[in-house]
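Below: one structure, written as structure tokens.
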Amino acid sequence: LQSVIDLIQAHQQLPDRANFIIAMLRQVDTFANRFDLSDLPKDLLDKIGELTSLEGKAYNEITLAASAIIMQSKIAPFDSRVEDLISELVASNADLVAISQSATLSAGVDLLTSLFGHSDKKVRNAAIEVYIRRVYRVHRILSINVDEVNGRPLCTWTFQFADTPSVGGVTRQGLLSVVPSAAAIEKDLPEMLSSMGANFDTIDKGDGNQFVNVLHIAATEDSNIDIPGMEAAFSNKIKELKMLGVRTVNVLIPVPERDPKYLTFPQCDEFREDPTRRNMRPTFHHFLELSRLSRNYDLERLESVGKNVQVYIGAEKASKPVRGGPPQVLYVRGLSHTSGLVSVPGAARALLQGLDELERAYSSKKVSPVASSRIFLHSLPEVENSSPAEVKDAFVGIMGILKSRLATRLLKLRVDEIEVLVRLASVDGDGNRVVQPVRLLASSMEGEWLKTQVFNDIPDPVTGVSSRYCLVEDDSVCVLDPYGSSNIVQTKRTVARRVGSTYAYDFLGLLEVGLIGEWEHHLNNIAKGDLDRSTDKMPTGIFSSRELVDGDDGELTFGARSIGTNTIGMVGWVVTMKTPEYPEGREVVFIANDVTVQSGSFGVEEDEFYYKASKYARENKLPRVYIACNAGARIGLVDELKPLFNIKFVDEQTPNKGFEYLYLTDKDYSELPDGTVNARKVPEGWAIEDIIGTKHGIGVENLQGSGKIAGETSQAYDEIFTLSYVTGRSVGIGAYLVRLGQRVIQMNQGPMILTGFSALNKLLGKEVYTSQDQLGGPQVMVPNGVTHEQVADDQAGVASIIKWISFVPKSVGALPAVRESHDSVERDVEWRPTPTPYDPRLMLAGTADARGFFDTGSFKEYLAGWGKSVIVGRGRLGGIPMGAIAVETRLVDKVVPADPADPNSREAILPQAGQVLFPDSSYKTAQAIRDFDKEGLPLMMFANWRGFSGGSRDMAGEILKFGAMIVDALREYSNPVFIYLPPHGELRGGSWVVVDPTINEDKMEMYADLDSRGGILEPAGITEIKFRLADQLKAMHRLDPSLQLLDNELDNLNMDDETAAVEIKKQIEAREETLKPVYMQAATEFADLHDKTGRMKAKGVIKAAVPWKNSRQFFFHLTMRRIVQDDLVQQLKNADNTLNTTAAIDVLKTMCTCDWEDNKAVVDYFTTQADAVAEKIKATRVSAIKAQMGILESELSGM
């Protein structure tokens, strides 16, 4: 059994396990470079080989990653590959251009550089030419020649940047000279320069100011690297180097069977070695566009794992010292030699590698904990037959998917920009090959989170680096961005991250990402149910927002402003989202604290904005979401008085005797604006009695505003859907607003507190609390029922917001938000409750092998940490959103934490029996019912309670009060409520009373499975009262032949025969003892038969017996019928206010031509006959108006 359980649990966690294995494989892929391994251990390869045999779509990424590692491990030994390369180079039909462009490792630079000192001149020269062509493969090589000078191999070539036009473009020259060792450079340098001059005689050498040429020096032997010596050698020849127009000198040092080491000496640094380019191929600096970084940042290179990846810390250049150090940015720059970046899998692999590098880089002590990061990837292979517009469309779609899948890591690693440079190849009108670089950008630099833009690059003909880039869709809009220093948005983003939150405006991007994820999940589910739907796409333009701003008249209006220019710490938007349940779009009002403005505190202006935005949501009946990250009510002082006030001491010579008052001099008092202070005249000047100030919003007026928005939030909960998400922290009024909105999602690092822990420590006089989380973190707010759901980060929080909103109608009074379902309502409910304790969540959600009541994957539990003896959540039945309440059948523990302020306090663990209502679970049930009703949800209550806990502790814990709240909530419920007794469920005593349908007959109905029970007491209990031992003995003597015989013998005995009577009585007693167990069972069975479904139905306390197996189908059609019917009933009652619910139903019943007891048929009738029903409602309204007019006329005539 344990093996089966382990297998089921493993399958339930398959996505997480798959992601973990993929992450491990990515690490294994880097072992060769990180640990200098030539071969992976055999047992590791065997295990990875097993992964390649996994079958099924869920394992696709694992098998691909594992197969790539296995293929890499099968690469031939270095010596063997060198021999193969030599054969290829000297072949009669050798195509050196094709060899240099090989995508395999057969002509890698590690092999080629090992042949620079080969004894065979043909091999040596061919290797040098292929090396140059390979290193410069994305350039346009115009000519190349390999020869020997004084026995030393020498290669010269001319080239252009392929991204610039060939006609009129700058032609560059290059020379590679092979030397025995690095030590020979100083001696051989004059000859190299002489060779350069001789070979470049017919080509412009530059005028000493234009540096476009390159000098490569390759050693054939590994030797000690003397960088100062090289710098001295180049410094001695700096004039000649400049006259030859040398832009960079690159020195190659071979490493046996490995990629060589590289040293670069750029002209811009007077030919001193550049550490940031160390061990970087000569063209990498250009490809990685490092010169753009160095303009505004001081770069320090960090160690990276990928050989085509560089990682840098960029510290902003500042003219003066910055407190805490200059802002930092982590730059990951990489090259890709594959053309798969225009596909989701290829782009995902590249981005994941970049994120892995960032993960490692953030572990460095050199990196600030609030440093942001940017990823750049240059794809070297040219993309054929694609236009910039086509690439743009693909990029937008790919980034949407990647942001959705990787949002958690992108947020954690603070990725503010993802930049991809691709090269599109085409042919111009003259038949010339043209390469157009296109820059794909997903950037948060302007405010919106990772907003996608695509640009055509215009490279500089000299440097090859983009001089500007222009929007693909509008080439008149061009920008030049050398990675500017922090702007206001970046600064604000850093402030928000410092408090553990996300910048308010970035939540818009997260919402869009979360919406994409919700669509992706929905479409995948639809495709599982219908393969023909696998090509379904999400609609275009699924997300848009309009910011709410204060208008000139003081009222909110829609406006546009630059992100980060708001002057108050509260912002709001009306967001339009196309969701799976509302593909045409729905509106939601979002209100958010801007923690970057005065720590997100509530001043008068913030209070007014919040009030008006919430009021807007109420007036338009829209859902309202509050994103909380604040510091509570704003506190302040009249700062302009601080340097002005004086102190009247009791004794000027002894200040510690105290003072009488604070005062202002006559001069200072007269210069103050009127109303700044209330003061009285004293000899010294004016004694201050009240400080008022001229600035509004520094004291008690903020508390008045807090009261105003508290009342508004309470009203909003009653009138519309309200939801709060706590990110970072929420203090004082911020915490109260969250609670007043009732529904709360809380991030792990998002405490809700009334007072800071340090203030409490001062009050207590000792260090008791060490963090805000001890006061209001999830470990406090989840068990006490304030927090409905706990999430790990802001992306998970936003995903939960979208999920919750998906259950809610688009506006108050609208019909439920029905979503297309992939799970057939006609199927059986496969998971069946057992007579023994079980997890009721399985009854609702099912398992991988046995589906439950709700649509597969749709049920989500809330308030899981509070009142654990009841389960509440939301799910879908055939796409219909429903609230759900179920009962825990197992023993659970309620943990009462110790109070850190009381050293004698201890944690208490209170066991709570299953199927019993306790104070916390009663309150939880009532709260959930109210929430569901205000969300417009039908309620499905799986009632399985034996009663209320009536012990002294729970009576003192207000069980009566909270139990009564269940009745109050059900009486007020305005949507359909279905009470259902599941298999082996029972509903008894007070727990029946608080959910009986007579509480709200218009909305409530009760049903039961055939194996359920309902009654006042349990059978064992009722036999103790109504079928006691005396009754059981009577039954024995009435039914048992042996007892009947003994009774007959006793009756017929002679009255004088006492001995025989005693003996018979003993036999009777013995027989009774023998029969007692079975007759106790019979008595219990007799009592149990009174509680069965048949009697409940006969007495009319339930409406019907519904087998569990068919309950899904039954309740779907019933719910659909009640939704349609209740809506029509309400329309009739609105048309004629003299109609009650029963009369309105009678009107509908007389119209209906189908079987009124057939729920599906009734729904079909009212759906197909919608026009006729509408006409009937219209006629009812006309009749009601005429009747009202008649009554008014009668009243008039009688006056």
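Residues are named by chain letter and number: chains run A, B, ... in the order of the structure tokens, numbers start at 1 in each chain, and ligands are numbered from 1 in the order shown.
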
Checklist entry - What's the 9 Å shell around stretch 1160-1174 of chain A, counting only C-alpha atoms, without same-chain residues fewer than 5 positions away, as a list in words? => result His1117, Leu1118, Met1120, Arg1121, Arg1122, Val1124, Gln1125, Leu1128, Leu1148, Met1151, Cys1152, Thr1153, Cys1154, Asp1155 and Ala1179 of chain A

Next on the checklist: List the spatial neighbours of stretch 1087-1101 of chain A as an MDAnalysis selection string - criterion: any atom at most 10 Å away, only C-alpha atoms, same-chain residues fewer than 3 positions off excluded.
Outcome noted: chainID A and resid 981 986:988 996:998 1005:1023 1026:1027 1081:1084 1104:1106

Can you spit out the residues from that selection as an mmCIF file, in the first residue's frame, using N, CA and C atoms?
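Result file follows (result30.cif):
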```
data_model
loop_
_atom_site.group_PDB
_atom_site.id
_atom_site.type_symbol
_atom_site.label_atom_id
_atom_site.label_comp_id
_atom_site.auth_asym_id
_atom_site.auth_seq_id
_atom_site.Cartn_x
_atom_site.Cartn_y
_atom_site.Cartn_z
ATOM 1 N N LEU A 981 -25.846 15.570 1.780
ATOM 2 C CA LEU A 981 -25.245 14.610 2.703
ATOM 3 C C LEU A 981 -24.528 13.555 1.874
ATOM 4 N N GLU A 986 -23.301 12.168 7.895
ATOM 5 C CA GLU A 986 -24.439 12.261 8.798
ATOM 6 C C GLU A 986 -24.609 13.705 9.249
ATOM 7 N N LEU A 987 -25.838 14.072 9.499
ATOM 8 C CA LEU A 987 -26.152 15.430 9.931
ATOM 9 C C LEU A 987 -27.111 15.318 11.107
ATOM 10 N N ARG A 988 -26.658 15.792 12.274
ATOM 11 C CA ARG A 988 -27.423 15.510 13.487
ATOM 12 C C ARG A 988 -27.526 16.750 14.379
ATOM 13 N N ASP A 996 -30.717 23.816 7.977
ATOM 14 C CA ASP A 996 -31.988 23.326 7.447
ATOM 15 C C ASP A 996 -32.538 24.295 6.399
ATOM 16 N N PRO A 997 -33.088 23.781 5.291
ATOM 17 C CA PRO A 997 -33.574 24.655 4.205
ATOM 18 C C PRO A 997 -34.681 25.619 4.612
ATOM 19 N N THR A 998 -35.402 25.327 5.708
ATOM 20 C CA THR A 998 -36.460 26.259 6.113
ATOM 21 C C THR A 998 -35.893 27.596 6.575
ATOM 22 N N GLU A 1005 -31.981 24.150 -0.694
ATOM 23 C CA GLU A 1005 -32.534 22.817 -0.930
ATOM 24 C C GLU A 1005 -31.584 21.808 -0.321
ATOM 25 N N MET A 1006 -32.160 20.701 0.177
ATOM 26 C CA MET A 1006 -31.321 19.673 0.794
ATOM 27 C C MET A 1006 -31.518 18.343 0.073
ATOM 28 N N TYR A 1007 -30.386 17.649 -0.138
ATOM 29 C CA TYR A 1007 -30.394 16.351 -0.800
ATOM 30 C C TYR A 1007 -29.464 15.421 -0.012
ATOM 31 N N ALA A 1008 -29.575 14.118 -0.294
ATOM 32 C CA ALA A 1008 -28.763 13.165 0.460
ATOM 33 C C ALA A 1008 -28.456 11.940 -0.392
ATOM 34 N N ASP A 1009 -27.285 11.384 -0.183
ATOM 35 C CA ASP A 1009 -26.927 10.102 -0.790
ATOM 36 C C ASP A 1009 -27.679 8.986 -0.053
ATOM 37 N N LEU A 1010 -27.860 7.864 -0.719
ATOM 38 C CA LEU A 1010 -28.611 6.749 -0.126
ATOM 39 C C LEU A 1010 -27.917 6.184 1.112
ATOM 40 N N ASP A 1011 -26.609 6.360 1.217
ATOM 41 C CA ASP A 1011 -25.869 5.826 2.361
ATOM 42 C C ASP A 1011 -25.611 6.878 3.435
ATOM 43 N N SER A 1012 -26.324 7.964 3.413
ATOM 44 C CA SER A 1012 -26.135 9.008 4.421
ATOM 45 C C SER A 1012 -27.200 8.868 5.509
ATOM 46 N N ARG A 1013 -27.018 9.643 6.571
ATOM 47 C CA ARG A 1013 -27.931 9.561 7.706
ATOM 48 C C ARG A 1013 -28.229 10.961 8.224
ATOM 49 N N GLY A 1014 -29.447 11.109 8.811
ATOM 50 C CA GLY A 1014 -29.822 12.367 9.426
ATOM 51 C C GLY A 1014 -30.727 12.114 10.612
ATOM 52 N N GLY A 1015 -30.451 12.767 11.725
ATOM 53 C CA GLY A 1015 -31.280 12.567 12.908
ATOM 54 C C GLY A 1015 -30.813 13.445 14.045
ATOM 55 N N ILE A 1016 -31.513 13.309 15.172
ATOM 56 C CA ILE A 1016 -31.172 14.153 16.309
ATOM 57 C C ILE A 1016 -29.908 13.650 16.989
ATOM 58 N N LEU A 1017 -29.901 12.344 17.328
ATOM 59 C CA LEU A 1017 -28.738 11.743 17.954
ATOM 60 C C LEU A 1017 -28.237 10.594 17.096
ATOM 61 N N GLU A 1018 -27.034 10.184 17.340
ATOM 62 C CA GLU A 1018 -26.500 9.007 16.674
ATOM 63 C C GLU A 1018 -27.213 7.776 17.218
ATOM 64 N N PRO A 1019 -27.328 6.701 16.433
ATOM 65 C CA PRO A 1019 -28.059 5.501 16.876
ATOM 66 C C PRO A 1019 -27.610 4.992 18.241
ATOM 67 N N ALA A 1020 -26.308 4.991 18.474
ATOM 68 C CA ALA A 1020 -25.816 4.498 19.773
ATOM 69 C C ALA A 1020 -26.320 5.375 20.911
ATOM 70 N N GLY A 1021 -26.423 6.655 20.643
ATOM 71 C CA GLY A 1021 -26.889 7.559 21.676
ATOM 72 C C GLY A 1021 -28.384 7.460 21.905
ATOM 73 N N ILE A 1022 -29.137 7.312 20.846
ATOM 74 C CA ILE A 1022 -30.594 7.287 21.015
ATOM 75 C C ILE A 1022 -31.054 5.994 21.677
ATOM 76 N N THR A 1023 -30.302 4.899 21.476
ATOM 77 C CA THR A 1023 -30.679 3.647 22.144
ATOM 78 C C THR A 1023 -30.506 3.758 23.653
ATOM 79 N N LYS A 1026 -33.949 5.842 24.227
ATOM 80 C CA LYS A 1026 -35.236 5.364 23.733
ATOM 81 C C LYS A 1026 -35.293 3.852 23.488
ATOM 82 N N PHE A 1027 -34.217 3.166 23.602
ATOM 83 C CA PHE A 1027 -34.228 1.701 23.413
ATOM 84 C C PHE A 1027 -33.222 1.120 24.392
ATOM 85 N N GLN A 1081 -26.864 -4.517 18.955
ATOM 86 C CA GLN A 1081 -26.669 -4.180 17.543
ATOM 87 C C GLN A 1081 -28.007 -4.006 16.835
ATOM 88 N N ALA A 1082 -28.928 -4.864 17.157
ATOM 89 C CA ALA A 1082 -30.241 -4.764 16.527
ATOM 90 C C ALA A 1082 -30.942 -3.471 16.928
ATOM 91 N N ALA A 1083 -30.812 -3.109 18.211
ATOM 92 C CA ALA A 1083 -31.422 -1.865 18.676
ATOM 93 C C ALA A 1083 -30.792 -0.667 17.972
ATOM 94 N N THR A 1084 -29.456 -0.733 17.814
ATOM 95 C CA THR A 1084 -28.767 0.349 17.125
ATOM 96 C C THR A 1084 -29.207 0.413 15.668
ATOM 97 N N ALA A 1104 -34.758 15.187 -2.365
ATOM 98 C CA ALA A 1104 -34.610 13.947 -3.137
ATOM 99 C C ALA A 1104 -33.368 13.213 -2.664
ATOM 100 N N ALA A 1105 -33.348 11.924 -2.955
ATOM 101 C CA ALA A 1105 -32.145 11.115 -2.733
ATOM 102 C C ALA A 1105 -31.342 11.122 -4.026
ATOM 103 N N VAL A 1106 -30.076 11.519 -3.922
ATOM 104 C CA VAL A 1106 -29.213 11.643 -5.096
ATOM 105 C C VAL A 1106 -27.991 10.748 -4.898
#
```

Next on the checklist: What parts of stretch 237-484 of chain A does DSSP call strand (DSSP E or B)? I'd like the answer as number ranges by chain.
Outcome noted: A: 246-255, 258-266, 297-302, 309-316, 328-336, 372-384, 415-427, 433-443, 451-459, 466-471, 478-479

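A straight line drawn from atom CA of A:Ala350 to atom CA of A:Leu421 is 12.8 Å long.
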
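The closest residue to A:Ser444, picked from A:Leu330, A:Val415, A:Leu424, A:Ala10 and counting only C-alpha atoms, is A:Val415.
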
Fewer than 3 positions away in the same chain doesn't count, so skip those; otherwise give me all residues within 12 Å of A:Ile1185, counting only C-alpha atoms, as a compact mmCIF listing (two decimals) with N, CA, C and O atoms, in the first residue's frame.
```txt
# COMPACT_ATOMS: atom_id res chain seq x y z
N ASN A 1134 -39.25 42.18 -10.08
CA ASN A 1134 -38.95 43.58 -10.36
C ASN A 1134 -40.03 44.22 -11.23
O ASN A 1134 -40.34 45.41 -11.10
N ALA A 1135 -40.59 43.39 -12.14
CA ALA A 1135 -41.64 43.90 -13.01
C ALA A 1135 -42.94 44.14 -12.25
O ALA A 1135 -43.70 45.07 -12.55
N ASP A 1136 -43.20 43.28 -11.29
CA ASP A 1136 -44.44 43.41 -10.50
C ASP A 1136 -44.09 43.17 -9.04
O ASP A 1136 -43.88 42.03 -8.62
N ASN A 1137 -44.00 44.24 -8.26
CA ASN A 1137 -43.55 44.10 -6.88
C ASN A 1137 -44.58 43.45 -5.97
O ASN A 1137 -44.31 43.26 -4.78
N THR A 1138 -45.75 43.09 -6.51
CA THR A 1138 -46.73 42.37 -5.68
C THR A 1138 -46.48 40.88 -5.71
O THR A 1138 -47.06 40.13 -4.92
N LYS A 1178 -42.25 41.50 -19.88
CA LYS A 1178 -42.69 42.84 -20.31
C LYS A 1178 -44.18 43.01 -20.09
O LYS A 1178 -44.64 44.05 -19.58
N ALA A 1179 -44.96 41.97 -20.44
CA ALA A 1179 -46.41 42.04 -20.24
C ALA A 1179 -46.75 42.13 -18.76
O ALA A 1179 -47.68 42.85 -18.36
N THR A 1180 -46.02 41.42 -17.94
CA THR A 1180 -46.24 41.48 -16.48
C THR A 1180 -45.99 42.90 -15.97
O THR A 1180 -46.74 43.40 -15.13
N ARG A 1181 -44.95 43.51 -16.49
CA ARG A 1181 -44.65 44.88 -16.06
C ARG A 1181 -45.75 45.84 -16.49
O ARG A 1181 -46.16 46.72 -15.72
N VAL A 1182 -46.21 45.67 -17.71
CA VAL A 1182 -47.29 46.53 -18.20
C VAL A 1182 -48.54 46.37 -17.33
O VAL A 1182 -49.17 47.35 -16.92
N GLN A 1188 -51.25 49.57 -10.88
CA GLN A 1188 -50.83 50.65 -10.00
C GLN A 1188 -51.54 51.95 -10.36
O GLN A 1188 -51.96 52.72 -9.48
N MET A 1189 -51.68 52.18 -11.66
CA MET A 1189 -52.38 53.39 -12.11
C MET A 1189 -53.84 53.35 -11.67
O MET A 1189 -54.42 54.37 -11.26
N GLY A 1190 -54.45 52.16 -11.74
CA GLY A 1190 -55.83 52.02 -11.30
C GLY A 1190 -55.99 52.33 -9.83
O GLY A 1190 -56.95 53.00 -9.40
N ILE A 1191 -55.04 51.85 -9.04
CA ILE A 1191 -55.08 52.13 -7.60
C ILE A 1191 -54.94 53.62 -7.34
O ILE A 1191 -55.66 54.21 -6.51
N LEU A 1192 -54.02 54.26 -8.07
CA LEU A 1192 -53.82 55.69 -7.88
C LEU A 1192 -55.06 56.49 -8.30
O LEU A 1192 -55.44 57.47 -7.65
```

Checklist outcome for this item: Min atom-atom distance to A:Glu357 from the set A:Val967, A:Val305, A:Ile313, A:Ile1123, counting only C-alpha atoms, belongs to A:Val305

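Atom CA of A:Ala814 sits 21.4 Å away from atom CA of A:Asn1159.
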
Checklist entry - Residues at most 9 Å from A:Glu701, counting only C-alpha atoms, excluding those fewer than 4 positions away in the same chain, as a ChimeraX atom specification? => result /A:603-604,696-697,705-706

Restricted to N, CA and C atoms, what would the selected residues look like written as a PDB file, in the first residue's frame?
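Below you can see again-v8.pdb, which holds the result:
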```pdb
ATOM      1  N   GLY A 603      -1.701  59.717   3.982  1.00  0.00           N
ATOM      2  CA  GLY A 603      -1.987  61.101   4.298  1.00  0.00           C
ATOM      3  C   GLY A 603      -3.384  61.443   3.807  1.00  0.00           C
ATOM      4  N   VAL A 604      -3.756  62.690   3.945  1.00  0.00           N
ATOM      5  CA  VAL A 604      -5.100  63.102   3.536  1.00  0.00           C
ATOM      6  C   VAL A 604      -5.330  62.863   2.046  1.00  0.00           C
ATOM      7  N   HIS A 696      -1.325  70.650   5.540  1.00  0.00           N
ATOM      8  CA  HIS A 696      -2.390  69.727   5.879  1.00  0.00           C
ATOM      9  C   HIS A 696      -1.889  68.291   5.695  1.00  0.00           C
ATOM     10  N   GLY A 697      -2.114  67.458   6.696  1.00  0.00           N
ATOM     11  CA  GLY A 697      -1.783  66.055   6.527  1.00  0.00           C
ATOM     12  C   GLY A 697      -0.587  65.592   7.312  1.00  0.00           C
ATOM     13  N   GLY A 705      -9.023  60.838   8.013  1.00  0.00           N
ATOM     14  CA  GLY A 705      -9.058  60.225   6.682  1.00  0.00           C
ATOM     15  C   GLY A 705      -9.031  58.708   6.765  1.00  0.00           C
ATOM     16  N   SER A 706      -8.291  58.172   7.724  1.00  0.00           N
ATOM     17  CA  SER A 706      -8.249  56.724   7.896  1.00  0.00           C
ATOM     18  C   SER A 706      -9.624  56.184   8.260  1.00  0.00           C
TER      19      SER A 706
END
```

Next on the checklist: Among stretch 319-382 of chain A, which ones does DSSP assign to helix (DSSP H, G or I) (computed from the backbone)? Answer as number ranges by chain.
Outcome noted: A: 340-342, 344-362

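By only C-alpha atoms, and with residues fewer than 6 positions from A:Gly551 along its chain excluded, the set lying at most 12 Å from it is Thr557, Phe558, Gly559, Ala560, Phe609 and Lys612 of chain A.
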
Using the selection just defined, write its residues with all heavy atoms as a CSV table (one decimal), in the first residue's frame.
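Contents of again30.csv, as written:
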```csv
chain,number,residue,atom,x,y,z
A,557,THR,N,-10.6,60.7,-12.9
A,557,THR,CA,-10.8,60.6,-14.3
A,557,THR,C,-9.7,59.7,-14.9
A,557,THR,O,-8.7,59.4,-14.2
A,557,THR,CB,-10.8,62.0,-15.0
A,557,THR,OG1,-11.1,61.8,-16.4
A,557,THR,CG2,-9.4,62.6,-14.9
A,558,PHE,N,-9.9,59.3,-16.1
A,558,PHE,CA,-8.8,58.5,-16.7
A,558,PHE,C,-7.8,59.4,-17.3
A,558,PHE,O,-8.1,60.4,-18.0
A,558,PHE,CB,-9.4,57.6,-17.8
A,558,PHE,CG,-10.3,56.5,-17.3
A,558,PHE,CD1,-11.7,56.5,-17.6
A,558,PHE,CD2,-9.9,55.5,-16.4
A,558,PHE,CE1,-12.5,55.6,-17.1
A,558,PHE,CE2,-10.7,54.6,-15.9
A,558,PHE,CZ,-12.0,54.6,-16.3
A,559,GLY,N,-6.5,59.1,-17.0
A,559,GLY,CA,-5.4,60.0,-17.5
A,559,GLY,C,-4.2,59.2,-17.9
A,559,GLY,O,-4.1,58.0,-17.5
A,560,ALA,N,-3.3,59.8,-18.5
A,560,ALA,CA,-2.0,59.2,-18.8
A,560,ALA,C,-0.9,60.1,-18.3
A,560,ALA,O,-0.9,61.3,-18.5
A,560,ALA,CB,-1.8,59.0,-20.3
A,609,PHE,N,-7.9,59.7,-2.4
A,609,PHE,CA,-7.8,59.0,-3.6
A,609,PHE,C,-8.3,57.6,-3.4
A,609,PHE,O,-9.1,57.1,-4.3
A,609,PHE,CB,-6.3,58.9,-4.1
A,609,PHE,CG,-6.1,58.2,-5.4
A,609,PHE,CD1,-6.1,58.9,-6.6
A,609,PHE,CD2,-6.0,56.8,-5.5
A,609,PHE,CE1,-6.0,58.3,-7.8
A,609,PHE,CE2,-5.9,56.2,-6.7
A,609,PHE,CZ,-5.8,56.9,-7.9
A,612,LYS,N,-12.2,57.7,-3.3
A,612,LYS,CA,-12.8,58.0,-4.6
A,612,LYS,C,-12.7,56.8,-5.5
A,612,LYS,O,-13.6,56.4,-6.3
A,612,LYS,CB,-12.2,59.2,-5.2
A,612,LYS,CG,-12.7,60.5,-4.5
A,612,LYS,CD,-12.2,61.8,-5.2
A,612,LYS,CE,-10.7,62.0,-4.9
A,612,LYS,NZ,-10.3,63.4,-5.3
```

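If you look at atom CA of A:Asn975 and atom CA of A:Glu1001, they are 11.5 Å away from each other.
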
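Among the candidate residues A:Ser319, A:Thr787, A:Thr925, A:Ser373, the one lying nearest to A:Leu411 is A:Ser373, with distances computed using only C-alpha atoms.
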
Would you kindly return, as a tab-separated table (two decimals) with N, CA and C atoms, in the first residue's frame, each protein, DNA or RNA residue with an atom no farther than 12 Å from any atom of A:Glu958, considering only C-alpha atoms and excluding same-chain residues fewer than 5 positions away?
```tsv
chain	number	residue	atom	x	y	z
A	917	LEU	N	-18.47	20.66	14.90
A	917	LEU	CA	-18.30	22.09	14.75
A	917	LEU	C	-17.73	22.68	16.04
A	918	PHE	N	-16.59	23.36	15.92
A	918	PHE	CA	-15.96	24.05	17.03
A	918	PHE	C	-16.13	25.55	16.83
A	919	PRO	N	-15.78	26.37	17.80
A	919	PRO	CA	-15.96	27.82	17.63
A	919	PRO	C	-15.28	28.36	16.38
A	920	ASP	N	-14.01	27.96	16.15
A	920	ASP	CA	-13.31	28.52	14.99
A	920	ASP	C	-13.90	28.02	13.68
A	921	SER	N	-14.25	26.74	13.61
A	921	SER	CA	-14.80	26.22	12.35
A	921	SER	C	-16.22	26.73	12.10
A	922	SER	N	-16.97	27.03	13.17
A	922	SER	CA	-18.30	27.62	13.00
A	922	SER	C	-18.18	29.02	12.43
A	923	TYR	N	-17.26	29.80	13.00
A	923	TYR	CA	-17.03	31.15	12.50
A	923	TYR	C	-16.55	31.09	11.05
A	948	PHE	N	-22.37	20.08	17.43
A	948	PHE	CA	-21.46	21.11	17.92
A	948	PHE	C	-20.70	20.59	19.14
A	949	SER	N	-19.50	21.11	19.31
A	949	SER	CA	-18.73	20.81	20.51
A	949	SER	C	-19.30	21.65	21.65
A	950	GLY	N	-19.79	20.98	22.70
A	950	GLY	CA	-20.45	21.70	23.78
A	950	GLY	C	-19.72	21.64	25.09
A	951	GLY	N	-18.43	21.35	25.07
A	951	GLY	CA	-17.65	21.31	26.31
A	951	GLY	C	-17.49	22.71	26.89
A	952	SER	N	-17.05	22.77	28.14
A	952	SER	CA	-16.95	24.05	28.82
A	952	SER	C	-15.98	24.99	28.12
A	953	ARG	N	-14.87	24.45	27.60
A	953	ARG	CA	-13.91	25.30	26.92
A	953	ARG	C	-14.52	25.94	25.68
A	963	GLY	N	-22.03	29.58	16.08
A	963	GLY	CA	-22.97	28.67	15.43
A	963	GLY	C	-24.19	29.42	14.92
A	964	ALA	N	-24.67	30.38	15.71
A	964	ALA	CA	-25.83	31.17	15.28
A	964	ALA	C	-25.50	32.01	14.05
A	965	MET	N	-24.23	32.38	13.90
A	965	MET	CA	-23.83	33.17	12.73
A	965	MET	C	-24.03	32.40	11.43
```

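Nearest-residue note for A:Lys121: choosing from A:Thr502, A:Gly151, A:Asn761, A:Ala94, the minimum distance belongs to A:Gly151, counting only C-alpha atoms.
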